[in-house]
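K.L.:
One file: coords34.cif (mmCIF, C-alpha atoms).
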data_start
#
loop_
_atom_site.label_atom_id
_atom_site.label_comp_id
_atom_site.auth_asym_id
_atom_site.auth_seq_id
_atom_site.Cartn_x
_atom_site.Cartn_y
_atom_site.Cartn_z
CA GLY A 1294 2.34 -21.23 -7.26
CA LYS A 1295 2.04 -21.14 -3.51
CA MET A 1296 0.40 -18.29 -1.67
CA VAL A 1297 2.59 -15.67 -0.04
CA PHE A 1298 1.71 -12.69 2.11
CA ILE A 1299 3.59 -9.53 1.18
CA ASN A 1300 3.77 -6.32 3.19
CA LEU A 1301 4.27 -2.92 1.62
CA LEU A 1302 6.51 -1.05 4.05
CA ILE A 1303 6.52 2.73 3.96
CA LYS A 1304 9.07 5.09 5.46
CA CYS A 1305 8.63 8.86 5.61
CA ASP A 1306 9.52 11.86 7.72
CA PHE A 1307 6.70 13.72 9.48
CA GLU A 1308 6.53 17.39 10.29
CA ASN A 1309 3.83 18.10 12.92
CA ILE A 1310 1.90 14.99 11.85
CA GLN A 1311 0.61 12.46 14.38
CA SER A 1312 -0.63 9.80 11.97
CA LEU A 1313 -0.99 8.77 8.33
CA THR A 1314 -3.73 6.31 7.37
CA ILE A 1315 -5.52 5.13 4.25
CA PRO A 1316 -9.07 3.77 3.73
CA SER A 1317 -9.43 0.01 3.24
CA ASP A 1318 -11.03 0.46 -0.20
CA THR A 1319 -8.00 2.22 -1.74
CA ARG A 1320 -6.81 0.86 -5.11
CA TRP A 1321 -3.09 0.08 -5.26
CA CYS A 1322 -1.00 0.46 -8.42
CA PHE A 1323 1.95 -1.92 -8.61
CA THR A 1324 4.54 -3.28 -10.96
CA ILE A 1325 4.43 -7.04 -10.52
CA GLN A 1326 6.85 -9.82 -11.35
CA SER A 1327 5.89 -13.43 -11.99
CA SER A 1328 7.82 -16.30 -10.45
CA GLY A 1329 9.24 -16.73 -13.97
CA GLY A 1330 10.74 -13.23 -13.86
CA GLU A 1331 8.37 -11.49 -16.25
CA THR A 1332 7.14 -8.03 -15.19
CA ARG A 1333 3.97 -6.02 -15.82
CA ASN A 1334 3.45 -2.35 -15.01
CA ASN A 1335 0.39 -0.48 -13.76
CA ILE A 1336 -1.46 -3.43 -12.31
CA TYR A 1337 -4.29 -2.30 -10.04
CA ILE A 1338 -5.33 -4.21 -6.95
CA ASP A 1339 -8.82 -2.99 -6.13
CA PRO A 1340 -10.30 -4.29 -2.86
CA ASN A 1341 -13.80 -3.41 -4.16
CA GLN A 1342 -13.42 -5.87 -7.03
CA THR A 1343 -13.87 -9.65 -6.77
CA VAL A 1344 -13.01 -11.86 -9.71
CA GLU A 1345 -13.19 -15.60 -10.05
CA ILE A 1346 -9.90 -17.43 -10.39
CA PRO A 1347 -10.07 -19.58 -13.57
CA GLY A 1348 -9.95 -23.30 -12.82
CA SER A 1349 -10.54 -22.76 -9.12
CA LYS A 1350 -13.43 -22.10 -6.74
CA GLY A 1351 -11.57 -19.16 -5.23
CA THR A 1352 -11.78 -15.44 -5.87
CA ALA A 1353 -9.25 -12.62 -5.78
CA ASN A 1354 -9.23 -8.84 -6.20
CA THR A 1355 -7.06 -9.12 -9.32
CA VAL A 1356 -6.12 -12.01 -11.63
CA ILE A 1357 -3.30 -11.52 -14.15
CA LYS A 1358 -2.35 -14.13 -16.77
CA PHE A 1359 1.34 -14.82 -17.42
CA ASP A 1360 1.80 -17.38 -20.23
CA LYS A 1361 -0.54 -20.18 -19.16
CA HIS A 1362 -0.50 -19.31 -15.47
CA HIS A 1363 -3.00 -17.17 -13.61
CA THR A 1364 -1.49 -15.08 -10.83
CA THR A 1365 -3.69 -13.60 -8.13
CA PHE A 1366 -3.57 -10.61 -5.78
CA SER A 1367 -5.84 -9.61 -2.93
CA LEU A 1368 -5.75 -7.12 -0.11
CA TYR A 1369 -5.33 -9.13 3.11
CA GLU A 1370 -6.93 -7.86 6.31
CA GLY A 1371 -6.82 -10.97 8.46
CA LYS A 1372 -4.87 -11.84 11.59
CA ASN A 1373 -1.46 -10.09 11.80
CA SER A 1374 -2.04 -8.01 8.67
CA ALA A 1375 -0.43 -4.56 8.55
CA LYS A 1376 -2.63 -1.91 10.15
CA LYS A 1377 -2.57 0.81 7.44
CA ILE A 1378 -1.26 3.43 9.86
CA ILE A 1379 2.04 5.21 10.42
CA GLU A 1380 2.31 7.10 13.69
CA ALA A 1381 4.59 9.96 14.78
CA GLU A 1382 7.01 7.66 16.62
CA ASP A 1383 7.47 5.70 13.36
CA SER A 1384 8.74 8.79 11.51
CA GLY A 1385 11.89 7.88 9.58
CA LYS A 1386 11.43 4.11 10.05
CA PHE A 1387 10.12 1.45 7.64
CA VAL A 1388 6.68 0.39 8.86
CA PRO A 1389 4.54 -2.47 7.46
CA PHE A 1390 1.61 -0.49 6.08
CA VAL A 1391 -0.62 -2.85 4.08
CA THR A 1392 -0.63 -6.61 3.40
CA PHE A 1393 -1.42 -8.47 0.18
CA GLU A 1394 -2.05 -12.14 -0.51
CA CYS A 1395 -0.23 -13.10 -3.71
CA ARG A 1396 0.01 -16.28 -5.72
CA GLY A 1397 2.39 -16.82 -8.65
CA ALA A 1398 3.70 -13.26 -8.72
CA GLU A 1399 4.69 -10.48 -6.34
CA PRO A 1400 4.64 -6.70 -6.39
CA ILE A 1401 8.10 -5.19 -6.89
CA SER A 1402 7.27 -1.50 -7.19
CA TRP A 1403 4.48 0.82 -6.03
CA THR A 1404 3.27 3.95 -7.82
CA PRO A 1405 1.50 6.30 -5.39
CA SER A 1406 -1.37 7.88 -7.29
CA LYS A 1407 -3.11 11.26 -7.06
CA ASN A 1408 -6.30 9.29 -6.41
CA ASP A 1409 -4.98 7.59 -3.27
CA THR A 1410 -6.74 9.18 -0.33
CA PHE A 1411 -4.14 9.15 2.39
CA ILE A 1412 -5.38 10.92 5.52
CA ALA A 1413 -2.82 12.80 7.61
CA LYS A 1414 -3.75 14.06 11.05
CA SER A 1415 -1.75 17.03 12.35
CA THR A 1416 -0.44 17.15 15.90
CA GLY A 1417 -3.23 19.70 16.42
CA GLY A 1418 -5.83 17.09 15.39
CA LYS A 1419 -6.81 18.52 12.00
CA GLU A 1420 -7.25 16.01 9.15
CA PHE A 1421 -5.85 16.55 5.66
CA VAL A 1422 -6.38 14.51 2.48
CA VAL A 1423 -2.86 13.92 1.23
CA ASP A 1424 -1.53 13.34 -2.29
CA LEU A 1425 1.76 11.45 -2.05
CA SER A 1426 2.19 10.92 -5.81
CA SER A 1427 5.26 13.19 -5.75
CA LYS A 1428 6.63 11.36 -2.65
CA GLU A 1429 6.13 14.43 -0.46
CA TRP A 1430 3.39 16.76 0.71
CA CYS A 1431 3.12 19.92 2.74
CA ASP A 1432 0.35 22.21 3.92
CA TYR A 1433 -0.53 24.59 6.75
CA ASP A 1434 -2.79 23.79 9.70
CA GLU A 1435 -4.35 27.25 10.19
CA ASP A 1436 -6.38 26.19 13.22
CA ASN A 1437 -3.21 25.36 15.12
CA GLY A 1438 -0.62 27.57 13.38
CA LEU A 1439 1.45 24.59 12.23
CA SER A 1440 3.40 23.85 9.08
CA VAL A 1441 2.64 20.21 8.34
CA GLY A 1442 4.38 17.88 5.95
CA ILE A 1443 5.37 14.39 4.90
CA PHE A 1444 8.75 14.07 3.23
CA ASN A 1445 11.28 11.54 1.89
CA LEU A 1446 8.73 8.82 1.15
CA GLU A 1447 10.37 5.45 0.50
CA PHE A 1448 8.92 1.97 0.24
CA LYS A 1449 9.92 -1.66 0.01
CA PHE A 1450 8.19 -5.02 -0.08
CA GLU A 1451 8.84 -7.86 2.36
CA THR A 1452 7.33 -11.26 3.01
CA ALA A 1453 5.04 -11.11 6.03
CA ARG A 1454 6.54 -13.91 8.08
CA ASN A 1455 4.01 -13.63 10.89
CA ILE A 1456 1.09 -14.77 8.72
CA LYS A 1457 0.51 -18.45 8.09
#
What does the file become when written as structure tokens?
P.N.:
Amino acid sequence: GKMVFINLLIKCDFENIQSLTIPSDTRWCFTIQSSGGETRNNIYIDPNQTVEIPGSKGTANTVIKFDKHHTTFSLYEGKNSAKKIIEAEDSGKFVPFVTFECRGAEPISWTPSKNDTFIAKSTGGKEFVVDLSSKEWCDYDEDNGLSVGIFNLEFKFETARNIK
């Protein structure tokens, strides 16, 4: 299969949050679908892991076998990749958040995990480690007397057309 670059776009509503980011080494849990239409759940793409692609000199973060075909997934951080940040002005809009290089299969669903270390920064500048596994989060910034929250999390996948 040919290589495609896929963005995970995230949309959420912020309450007194200036930014949401995630470390580069975060593991992503996806449901993937092969070009033949077969799906697999709970596939982890771990940027800290490098595996050899069978029958090739290349490497990937994750290699999954469908029938006789090996499909590959890697976090992509090259030119024009998504910046892993959502800012206050993006609240309520779909934003390309992270980019993956895929061959032979694509992610079709994302499962936010309790172990994902999203970092939210309040409008007062205080940082919170955020668990978005339930698609929303709220807390209180005592230093600045602010209720803070992230709500109505949605996502979708799109081909990153600006990467060649």
K.L.:
Select, from A:Ser1427, A:Asp1432, A:Phe1366, A:Gly1330, the residue with the minimum atom-to-atom distance to Glu1345 (chain A), counting all atoms listed in the file.
P.N.:
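Counting all atoms listed in the file, the residue closest to Glu1345 (chain A) is A:Phe1366.
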K.L.:
Convert the output of the PyMOL selection byres ((chain A and resi 1356) around 8) on the shown file into explicit residues, formatted as a ChimeraX atom specification.
P.N.:
/A:1344,1346,1353-1355,1357-1358,1363-1366
K.L.:
Excluding Cys1305 (chain A) and residues on its chain fewer than 6 positions from it, collect all residues at most 7 Å away from it, counting all atoms listed in the file, and give them as an MDAnalysis selection string.
P.N.:
chainID A and resid 1384:1385 1443:1447
K.L.:
Please produce a file of the residues just selected, as a compact mmCIF listing (two decimals), in the coordinates of the input, where the atoms kept are C-alpha atoms.
P.N.:
# COMPACT_ATOMS: atom_id res chain seq x y z
CA SER A 1384 8.74 8.79 11.51
CA GLY A 1385 11.89 7.88 9.58
CA ILE A 1443 5.37 14.39 4.90
CA PHE A 1444 8.75 14.07 3.23
CA ASN A 1445 11.28 11.54 1.89
CA LEU A 1446 8.73 8.82 1.15
CA GLU A 1447 10.37 5.45 0.50
K.L.:
Which is closer to Asn1455 (chain A) than all the others in A:Arg1333, A:Lys1428, A:His1362, A:Lys1372, using only C-alpha atoms?
P.N.:
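Of A:Arg1333, A:Lys1428, A:His1362, A:Lys1372, the one nearest Asn1455 (chain A) is A:Lys1372, counting only C-alpha atoms.
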K.L.:
If the PyMOL selection byres ((chain A and resi 1318) around 9) were run on this exact file, what residues would it hold? Put them as a list in words.
P.N.:
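The output of the PyMOL selection byres ((chain A and resi 1318) around 9) on this file is Ile1315, Pro1316, Ser1317, Thr1319, Arg1320, Asp1339, Pro1340 and Asn1341 of chain A.
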K.L.:
Measuring between all atoms listed in the file, which one of A:Asn1300, A:Ser1349, A:Ser1327, A:Ser1402 shows the shortest distance to Leu1368 (chain A)?
P.N.:
A:Asn1300
K.L.:
Take CA of Ile1325 (chain A) and CA of Cys1395 (chain A) and report the distance between them in Å, one decimal.
P.N.:
10.2 Å
K.L.:
Residues picked by the PyMOL selection byres ((chain A and resi 1369) around 6) here, as a ChimeraX atom specification?
P.N.:
/A:1368,1370-1371,1392-1394
K.L.:
Restricting it to C-alpha atoms, dump the selection as a CSV table (one decimal), in the coordinates of the input.
P.N.:
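part.csv, written as the output of this step:
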chain,number,residue,atom,x,y,z
A,1368,LEU,CA,-5.8,-7.1,-0.1
A,1370,GLU,CA,-6.9,-7.9,6.3
A,1371,GLY,CA,-6.8,-11.0,8.5
A,1392,THR,CA,-0.6,-6.6,3.4
A,1393,PHE,CA,-1.4,-8.5,0.2
A,1394,GLU,CA,-2.0,-12.1,-0.5
